[in-house]
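Coordinates as given in entry.pdb (PDB, C-alpha atoms):
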ATOM      1  CA  MET A   1       0.000   0.000   0.000
ATOM      2  CA  ALA A   2       2.811   2.413   0.888
ATOM      3  CA  ALA A   3       4.539   1.685  -2.428
ATOM      4  CA  ALA A   4       1.335   2.499  -4.328
ATOM      5  CA  VAL A   5       0.973   5.830  -2.509
ATOM      6  CA  LEU A   6       4.641   6.666  -3.205
ATOM      7  CA  LEU A   7       4.215   5.790  -6.889
ATOM      8  CA  LEU A   8       1.111   7.985  -7.109
ATOM      9  CA  LEU A   9       2.984  10.921  -5.540
ATOM     10  CA  LEU A  10       5.926  10.527  -7.923
ATOM     11  CA  CYS A  11       3.618  10.437 -10.949
ATOM     12  CA  CYS A  12       1.618  13.482  -9.889
ATOM     13  CA  CYS A  13       4.487  15.593  -8.538
ATOM     14  CA  PRO A  14       7.382  14.965 -10.887
ATOM     15  CA  PRO A  15      10.846  15.831  -9.549
ATOM     16  CA  VAL A  16      11.343  18.243 -12.472
ATOM     17  CA  ALA A  17       8.582  20.498 -11.214
ATOM     18  CA  LEU A  18      10.134  20.552  -7.758
ATOM     19  CA  ALA A  19      13.570  21.553  -9.081
ATOM     20  CA  LEU A  20      12.463  25.019 -10.187
ATOM     21  CA  GLN A  21      12.129  27.114  -7.081
ATOM     22  CA  HIS A  22      13.031  30.756  -7.670
ATOM     23  CA  PHE A  23      13.233  33.513 -10.206
ATOM     24  CA  THR A  24      16.696  34.930 -10.744
ATOM     25  CA  GLY A  25      17.936  38.122 -12.307
ATOM     26  CA  GLU A  26      18.252  41.765 -11.429
ATOM     27  CA  ALA A  27      15.876  43.631  -9.140
ATOM     28  CA  PRO A  28      12.981  45.297 -10.996
ATOM     29  CA  GLU A  29      13.369  49.013 -11.746
ATOM     30  CA  LEU A  30      10.881  51.778 -12.460
ATOM     31  CA  SER A  31      11.523  54.471 -15.066
ATOM     32  CA  VAL A  32       9.808  56.988 -17.313
ATOM     33  CA  GLN A  33       9.206  55.436 -20.738
ATOM     34  CA  GLU A  34       7.566  57.524 -23.495
ATOM     35  CA  GLY A  35       5.622  59.724 -21.073
ATOM     36  CA  GLY A  36       4.487  56.871 -18.863
ATOM     37  CA  LEU A  37       5.697  54.832 -15.930
ATOM     38  CA  GLY A  38       7.554  51.729 -17.079
ATOM     39  CA  LEU A  39       8.961  48.636 -15.443
ATOM     40  CA  SER A  40      12.251  46.982 -16.398
ATOM     41  CA  LEU A  41      12.716  43.312 -15.550
ATOM     42  CA  ARG A  42      15.591  40.904 -16.203
ATOM     43  CA  LEU A  43      14.119  37.481 -15.361
ATOM     44  CA  SER A  44      15.159  33.891 -15.519
ATOM     45  CA  VAL A  45      14.675  30.810 -13.373
ATOM     46  CA  ASP A  46      17.215  29.170 -11.107
ATOM     47  CA  ASP A  47      17.632  26.102 -13.343
ATOM     48  CA  GLU A  48      17.050  26.604 -17.077
ATOM     49  CA  ASP A  49      17.924  22.967 -17.839
ATOM     50  CA  GLU A  50      15.044  21.776 -15.672
ATOM     51  CA  LEU A  51      12.746  24.313 -17.335
ATOM     52  CA  ARG A  52      13.785  22.980 -20.758
ATOM     53  CA  LEU A  53      13.097  19.402 -19.636
ATOM     54  CA  LEU A  54       9.692  20.368 -18.275
ATOM     55  CA  LEU A  55       8.756  22.036 -21.589
ATOM     56  CA  ARG A  56      10.028  19.120 -23.668
ATOM     57  CA  ASN A  57       7.859  16.787 -21.586
ATOM     58  CA  GLY A  58       4.791  18.668 -22.825
ATOM     59  CA  ALA A  59       4.144  21.368 -20.214
ATOM     60  CA  SER A  60       2.723  24.730 -21.256
ATOM     61  CA  LEU A  61       3.868  27.406 -18.842
ATOM     62  CA  GLU A  62       2.660  30.926 -18.244
ATOM     63  CA  LEU A  63       4.671  33.774 -16.739
ATOM     64  CA  VAL A  64       2.146  36.110 -15.114
ATOM     65  CA  ILE A  65       3.226  39.590 -14.044
ATOM     66  CA  ASN A  66       0.774  41.651 -11.997
ATOM     67  CA  ALA A  67       1.624  45.290 -11.177
ATOM     68  CA  GLU A  68      -0.651  47.426  -9.009
ATOM     69  CA  ILE A  69       0.098  51.129  -8.585
ATOM     70  CA  LEU A  70      -0.964  52.630  -5.261
ATOM     71  CA  ARG A  71      -0.907  56.102  -3.719
ATOM     72  CA  GLN A  72       0.474  55.749  -0.201
ATOM     73  CA  ARG A  73      -1.542  57.402   2.518
ATOM     74  CA  THR A  74      -0.766  57.823   6.195
ATOM     75  CA  PHE A  75      -4.085  57.406   7.968
ATOM     76  CA  LEU A  76      -6.253  55.906   5.247
ATOM     77  CA  PRO A  77      -5.675  52.700   3.286
ATOM     78  CA  ASN A  78      -3.532  53.082   0.193
ATOM     79  CA  GLU A  79      -5.483  54.150  -2.889
ATOM     80  CA  SER A  80      -5.272  51.918  -5.972
ATOM     81  CA  LEU A  81      -4.614  54.039  -9.082
ATOM     82  CA  ASP A  82      -4.038  51.449 -11.795
ATOM     83  CA  GLU A  83      -3.324  47.760 -12.316
ATOM     84  CA  ARG A  84      -1.718  45.890 -15.199
ATOM     85  CA  ASN A  85      -1.441  42.173 -15.928
ATOM     86  CA  PHE A  86       0.942  40.638 -18.442
ATOM     87  CA  SER A  87       0.930  36.978 -19.442
ATOM     88  CA  PHE A  88       3.702  35.257 -21.428
ATOM     89  CA  LEU A  89       2.832  31.731 -22.617
ATOM     90  CA  LEU A  90       5.845  29.449 -23.132
ATOM     91  CA  LYS A  91       5.768  25.972 -24.653
ATOM     92  CA  TYR A  92       7.732  23.576 -26.834
ATOM     93  CA  ASP A  93       6.417  22.452 -30.214
ATOM     94  CA  SER A  94       7.771  18.944 -30.764
ATOM     95  CA  LEU A  95       6.820  18.922 -34.464
ATOM     96  CA  THR A  96       8.856  21.999 -35.396
ATOM     97  CA  ARG A  97      11.347  21.569 -32.526
ATOM     98  CA  GLN A  98      10.859  25.215 -31.610
ATOM     99  CA  TYR A  99      10.244  26.916 -28.293
ATOM    100  CA  ARG A 100       7.315  29.311 -28.626
ATOM    101  CA  MET A 101       6.427  32.317 -26.521
ATOM    102  CA  SER A 102       3.497  34.692 -26.866
ATOM    103  CA  ASP A 103       4.339  38.370 -26.393
ATOM    104  CA  PRO A 104       1.381  40.252 -24.865
ATOM    105  CA  LEU A 105       2.856  43.630 -25.841
ATOM    106  CA  THR A 106       3.038  42.962 -29.575
ATOM    107  CA  GLY A 107       0.565  40.087 -29.908
ATOM    108  CA  LYS A 108       3.184  38.053 -31.768
ATOM    109  CA  ILE A 109       4.395  34.508 -31.224
ATOM    110  CA  LEU A 110       8.183  34.356 -30.955
ATOM    111  CA  GLN A 111       9.943  31.105 -31.907
ATOM    112  CA  ASP A 112      13.478  29.831 -31.469
ATOM    113  CA  PRO A 113      15.005  26.333 -31.470
ATOM    114  CA  ASN A 114      17.189  27.425 -28.524
ATOM    115  CA  MET A 115      15.270  28.089 -25.298
ATOM    116  CA  ARG A 116      18.070  30.162 -23.740
ATOM    117  CA  SER A 117      18.147  32.411 -26.813
ATOM    118  CA  LEU A 118      14.365  32.876 -26.662
ATOM    119  CA  LEU A 119      14.496  33.763 -22.966
ATOM    120  CA  THR A 120      17.326  36.227 -23.622
ATOM    121  CA  LYS A 121      15.175  38.016 -26.219
ATOM    122  CA  THR A 122      12.106  38.097 -23.960
ATOM    123  CA  TRP A 123      12.183  37.502 -20.187
ATOM    124  CA  LYS A 124      15.750  38.741 -19.746
ATOM    125  CA  GLN A 125      14.983  42.173 -21.209
ATOM    126  CA  LEU A 126      11.380  43.025 -20.384
ATOM    127  CA  GLU A 127      10.267  46.654 -20.680
ATOM    128  CA  LEU A 128       6.643  46.846 -19.579
ATOM    129  CA  PRO A 129       4.445  49.971 -19.746
ATOM    130  CA  LEU A 130       2.469  50.455 -16.529
ATOM    131  CA  THR A 131       0.539  53.733 -16.660
ATOM    132  CA  ASN A 132       0.539  57.365 -17.823
ATOM    133  CA  MET A 133       2.461  59.896 -15.744
ATOM    134  CA  ASP A 134      -0.531  62.254 -15.524
ATOM    135  CA  ILE A 135      -2.069  60.248 -12.632
ATOM    136  CA  PHE A 136       0.809  61.203 -10.318
ATOM    137  CA  ALA A 137       1.078  64.362  -8.198
ATOM    138  CA  GLN A 138       4.414  65.963  -7.353
ATOM    139  CA  ASP A 139       4.257  65.779  -3.524
ATOM    140  CA  GLU A 140       2.816  62.274  -3.118
ATOM    141  CA  ASP A 141       4.460  58.925  -2.349
ATOM    142  CA  TYR A 142       3.587  55.930  -4.507
ATOM    143  CA  LEU A 143       4.035  52.194  -4.392
ATOM    144  CA  VAL A 144       4.109  49.533  -7.093
ATOM    145  CA  LEU A 145       3.189  46.062  -5.837
ATOM    146  CA  LEU A 146       4.662  43.570  -8.261
ATOM    147  CA  LYS A 147       3.836  39.853  -8.262
ATOM    148  CA  LEU A 148       5.605  37.325 -10.508
ATOM    149  CA  THR A 149       4.273  33.800 -11.016
ATOM    150  CA  LEU A 150       5.333  30.954 -13.291
ATOM    151  CA  GLN A 151       2.497  28.445 -13.492
ATOM    152  CA  TYR A 152       1.073  25.702 -15.642
ATOM    153  CA  ALA A 153      -1.075  27.270 -18.359
ATOM    154  CA  GLU A 154      -3.118  24.152 -18.982
ATOM    155  CA  ILE A 155      -3.988  21.523 -16.428
ATOM    156  CA  PRO A 156      -4.806  18.138 -17.955
ATOM    157  CA  PRO A 157      -8.510  17.402 -17.345
ATOM    158  CA  TRP A 158      -7.802  14.035 -15.718
ATOM    159  CA  LEU A 159      -5.316  15.664 -13.310
ATOM    160  CA  ASP A 160      -7.617  18.567 -12.443
ATOM    161  CA  ARG A 161     -10.363  16.194 -11.322
ATOM    162  CA  SER A 162      -8.223  13.571  -9.616
ATOM    163  CA  LEU A 163      -5.989  15.651  -7.358
ATOM    164  CA  VAL A 164      -7.400  18.177  -4.972
ATOM    165  CA  PHE A 165      -4.084  19.555  -3.688
ATOM    166  CA  TRP A 166      -2.169  19.871  -6.963
ATOM    167  CA  SER A 167      -0.619  23.315  -7.375
ATOM    168  CA  ARG A 168      -0.505  25.170 -10.700
ATOM    169  CA  GLU A 169       2.675  26.988  -9.653
ATOM    170  CA  VAL A 170       5.985  25.866 -11.124
ATOM    171  CA  VAL A 171       8.053  28.555  -9.387
ATOM    172  CA  GLU A 172       7.106  30.057  -6.041
ATOM    173  CA  PRO A 173       5.422  33.451  -6.568
ATOM    174  CA  GLU A 174       7.631  36.412  -5.771
ATOM    175  CA  THR A 175       6.469  39.857  -4.739
ATOM    176  CA  TYR A 176       8.262  43.187  -4.795
ATOM    177  CA  LYS A 177       7.353  46.553  -3.320
ATOM    178  CA  LEU A 178       8.786  49.469  -5.282
ATOM    179  CA  GLU A 179       8.327  52.846  -3.585
ATOM    180  CA  PHE A 180       8.832  56.111  -5.444
ATOM    181  CA  ASN A 181       7.806  59.736  -5.801
ATOM    182  CA  LEU A 182       8.256  62.167  -8.651
ATOM    183  CA  ASP A 183      11.178  63.871  -6.868
ATOM    184  CA  ASP A 184      13.324  60.725  -7.256
ATOM    185  CA  ALA A 185      16.284  61.202  -9.604
ATOM    186  CA  ALA A 186      15.005  58.521 -12.014
ATOM    187  CA  PHE A 187      11.765  60.441 -12.601
ATOM    188  CA  SER A 188      13.016  64.021 -12.769
ATOM    189  CA  ARG A 189      13.957  65.380 -16.179
TER
END
Will you turn the file into structure tokens for me?
Amino acid sequence: MAAAVLLLLLCCCPPVALALQHFTGEAPELSVQEGGLGLSLRLSVDDEDELRLLLRNGASLELVINAEILRQRTFLPNESLDERNFSFLLKYDSLTRQYRMSDPLTGKILQDPNMRSLLTKTWKQLELPLTNMDIFAQDEDYLVLLKLTLQYAEIPPWLDRSLVFWSREVVEPETYKLEFNLDDAAFSR
């Protein structure tokens, strides 16, 4: 009985999925991009070989980036000004032997036979537009709450119904708090 339970756990929670644990790269930065607030990210995962193996075994993965812009207030709760969600779908096409990624900014599908090259062109140099600068006042403090998640894009129907505690997350979600005001050197012109 114990062997059957162990076999079931190994089938449902493959060791490959457990090997990816963290995002790596530089800390996110805010900047003014074309009259709006932008976010620069340089992302990767801690083990690209395990990511490649996971994709080649048929997984479709989705990098989800959620950015909420808040006005910080002292006595009242922070006021939400804007929120943006970006979703990058990554998968391997075994027929063409190409890694494919959807780019939500351009609406295009990027392809490359080399996964590292594809990630270098996309995740490792992300420039994301967040909001227009006209929502900000000069003497206020602001906060960007950033949440990064790498998760399974598609859950097989048989797995969704059979396991109650199966997690969609491939990499643990990471959150960042980026505080700024318009007097910061990066935002003054």
How close does region 17-121 of chain A get to region 170-185 of chain A? List, as JSON lines, each residue of region 17-121 of chain A within 10 Å, its nearest atom pair and the distance in Å to one decimal, counting all atoms listed in the file.
{"residue": "A:Ala17", "atom": "CA", "partner": "A:Val170", "partner_atom": "CA", "distance": 6.0}
{"residue": "A:Leu18", "atom": "CA", "partner": "A:Val170", "partner_atom": "CA", "distance": 7.5}
{"residue": "A:Ala19", "atom": "CA", "partner": "A:Val171", "partner_atom": "CA", "distance": 8.9}
{"residue": "A:Leu20", "atom": "CA", "partner": "A:Val171", "partner_atom": "CA", "distance": 5.7}
{"residue": "A:Gln21", "atom": "CA", "partner": "A:Val171", "partner_atom": "CA", "distance": 4.9}
{"residue": "A:His22", "atom": "CA", "partner": "A:Val171", "partner_atom": "CA", "distance": 5.7}
{"residue": "A:Phe23", "atom": "CA", "partner": "A:Val171", "partner_atom": "CA", "distance": 7.2}
{"residue": "A:Ala27", "atom": "CA", "partner": "A:Tyr176", "partner_atom": "CA", "distance": 8.8}
{"residue": "A:Pro28", "atom": "CA", "partner": "A:Tyr176", "partner_atom": "CA", "distance": 8.1}
{"residue": "A:Glu29", "atom": "CA", "partner": "A:Leu178", "partner_atom": "CA", "distance": 7.9}
{"residue": "A:Leu30", "atom": "CA", "partner": "A:Leu178", "partner_atom": "CA", "distance": 7.8}
{"residue": "A:Ser31", "atom": "CA", "partner": "A:Ala185", "partner_atom": "CA", "distance": 9.9}
{"residue": "A:Val45", "atom": "CA", "partner": "A:Val171", "partner_atom": "CA", "distance": 8.1}
{"residue": "A:Asp46", "atom": "CA", "partner": "A:Val171", "partner_atom": "CA", "distance": 9.3}
{"residue": "A:Leu51", "atom": "CA", "partner": "A:Val170", "partner_atom": "CA", "distance": 9.3}
{"residue": "A:Leu54", "atom": "CA", "partner": "A:Val170", "partner_atom": "CA", "distance": 9.8}
{"residue": "A:Leu61", "atom": "CA", "partner": "A:Val170", "partner_atom": "CA", "distance": 8.1}
{"residue": "A:Glu62", "atom": "CA", "partner": "A:Val170", "partner_atom": "CA", "distance": 9.3}
{"residue": "A:Leu63", "atom": "CA", "partner": "A:Val171", "partner_atom": "CA", "distance": 9.6}
{"residue": "A:Val64", "atom": "CA", "partner": "A:Pro173", "partner_atom": "CA", "distance": 9.5}
{"residue": "A:Ile65", "atom": "CA", "partner": "A:Thr175", "partner_atom": "CA", "distance": 9.9}
{"residue": "A:Asn66", "atom": "CA", "partner": "A:Thr175", "partner_atom": "CA", "distance": 9.4}
{"residue": "A:Ala67", "atom": "CA", "partner": "A:Tyr176", "partner_atom": "CA", "distance": 9.4}
{"residue": "A:Glu68", "atom": "CA", "partner": "A:Lys177", "partner_atom": "CA", "distance": 9.9}
{"residue": "A:Ile69", "atom": "CA", "partner": "A:Leu178", "partner_atom": "CA", "distance": 9.4}
{"residue": "A:Leu70", "atom": "CA", "partner": "A:Glu179", "partner_atom": "CA", "distance": 9.4}
{"residue": "A:Arg71", "atom": "CA", "partner": "A:Asn181", "partner_atom": "CA", "distance": 9.7}
{"residue": "A:Gln72", "atom": "CA", "partner": "A:Glu179", "partner_atom": "CA", "distance": 9.0}
Which value, in Å to one decimal, gives the distance between CA of Leu130 (chain A) and CA of Glu26 (chain A)?
-> 18.7 Å
Between A:Thr106, A:Lys91, A:Met101, A:Gly36, which is the closest to Thr122 (chain A) once you count all atoms listed in the file?
-> A:Met101
Report the distance between CA of Gly58 (chain A) and CA of Gln151 (chain A) in Å, rounded to one decimal place.
-> 13.7 Å
Can you turn the PyMOL selection byres ((chain A and resi 115) around 10) into a concrete residue list for this file, as a JSON list (two decimals) with C-alpha atoms, keeping the file's coordinate frame?
[["chain", "number", "residue", "atom", "x", "y", "z"],
["A", 48, "GLU", "CA", 17.05, 26.60, -17.08],
["A", 49, "ASP", "CA", 17.92, 22.97, -17.84],
["A", 51, "LEU", "CA", 12.75, 24.31, -17.34],
["A", 52, "ARG", "CA", 13.78, 22.98, -20.76],
["A", 55, "LEU", "CA", 8.76, 22.04, -21.59],
["A", 90, "LEU", "CA", 5.84, 29.45, -23.13],
["A", 91, "LYS", "CA", 5.77, 25.97, -24.65],
["A", 92, "TYR", "CA", 7.73, 23.58, -26.83],
["A", 98, "GLN", "CA", 10.86, 25.22, -31.61],
["A", 99, "TYR", "CA", 10.24, 26.92, -28.29],
["A", 100, "ARG", "CA", 7.32, 29.31, -28.63],
["A", 101, "MET", "CA", 6.43, 32.32, -26.52],
["A", 111, "GLN", "CA", 9.94, 31.10, -31.91],
["A", 112, "ASP", "CA", 13.48, 29.83, -31.47],
["A", 113, "PRO", "CA", 15.00, 26.33, -31.47],
["A", 114, "ASN", "CA", 17.19, 27.42, -28.52],
["A", 116, "ARG", "CA", 18.07, 30.16, -23.74],
["A", 117, "SER", "CA", 18.15, 32.41, -26.81],
["A", 118, "LEU", "CA", 14.36, 32.88, -26.66],
["A", 119, "LEU", "CA", 14.50, 33.76, -22.97],
["A", 120, "THR", "CA", 17.33, 36.23, -23.62],
["A", 121, "LYS", "CA", 15.18, 38.02, -26.22]]
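The closest residue to Ser87 (chain A), picked from A:Leu148, A:Asn132, A:Glu169, A:Ala59 and counting only C-alpha atoms, is A:Leu148.
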One decimal place gives the CA of Leu41 (chain A)-CA of Gln125 (chain A) separation as 6.2 Å
Would you kindly translate the PyMOL selection byres ((chain A and resi 134) around 10) into the concrete residues it picks from this file, as a PyMOL selection string?
-> chain A and resi 35-37+131-133+135-137
C-alpha atoms of the current selection, written as a PDB file, keeping the file's coordinate frame:
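Saved file selection_24.pdb follows:
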ATOM      1  CA  GLY A  35       5.622  59.724 -21.073  1.00  0.00           C
ATOM      2  CA  GLY A  36       4.487  56.871 -18.863  1.00  0.00           C
ATOM      3  CA  LEU A  37       5.697  54.832 -15.930  1.00  0.00           C
ATOM      4  CA  THR A 131       0.539  53.733 -16.660  1.00  0.00           C
ATOM      5  CA  ASN A 132       0.539  57.365 -17.823  1.00  0.00           C
ATOM      6  CA  MET A 133       2.461  59.896 -15.744  1.00  0.00           C
ATOM      7  CA  ILE A 135      -2.069  60.248 -12.632  1.00  0.00           C
ATOM      8  CA  PHE A 136       0.809  61.203 -10.318  1.00  0.00           C
ATOM      9  CA  ALA A 137       1.078  64.362  -8.198  1.00  0.00           C
TER      10      ALA A 137
END
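Taking all atoms listed in the file into account, Phe86 (chain A) lies nearest to A:Ser102 out of the set A:Thr74, A:Ser60, A:Ser102, A:Gln33.
When all atoms listed in the file are used to measure the gap to Phe88 (chain A), the shortest distance among A:Gln138, A:Ala153, A:Phe75, A:Arg56 belongs to A:Ala153.
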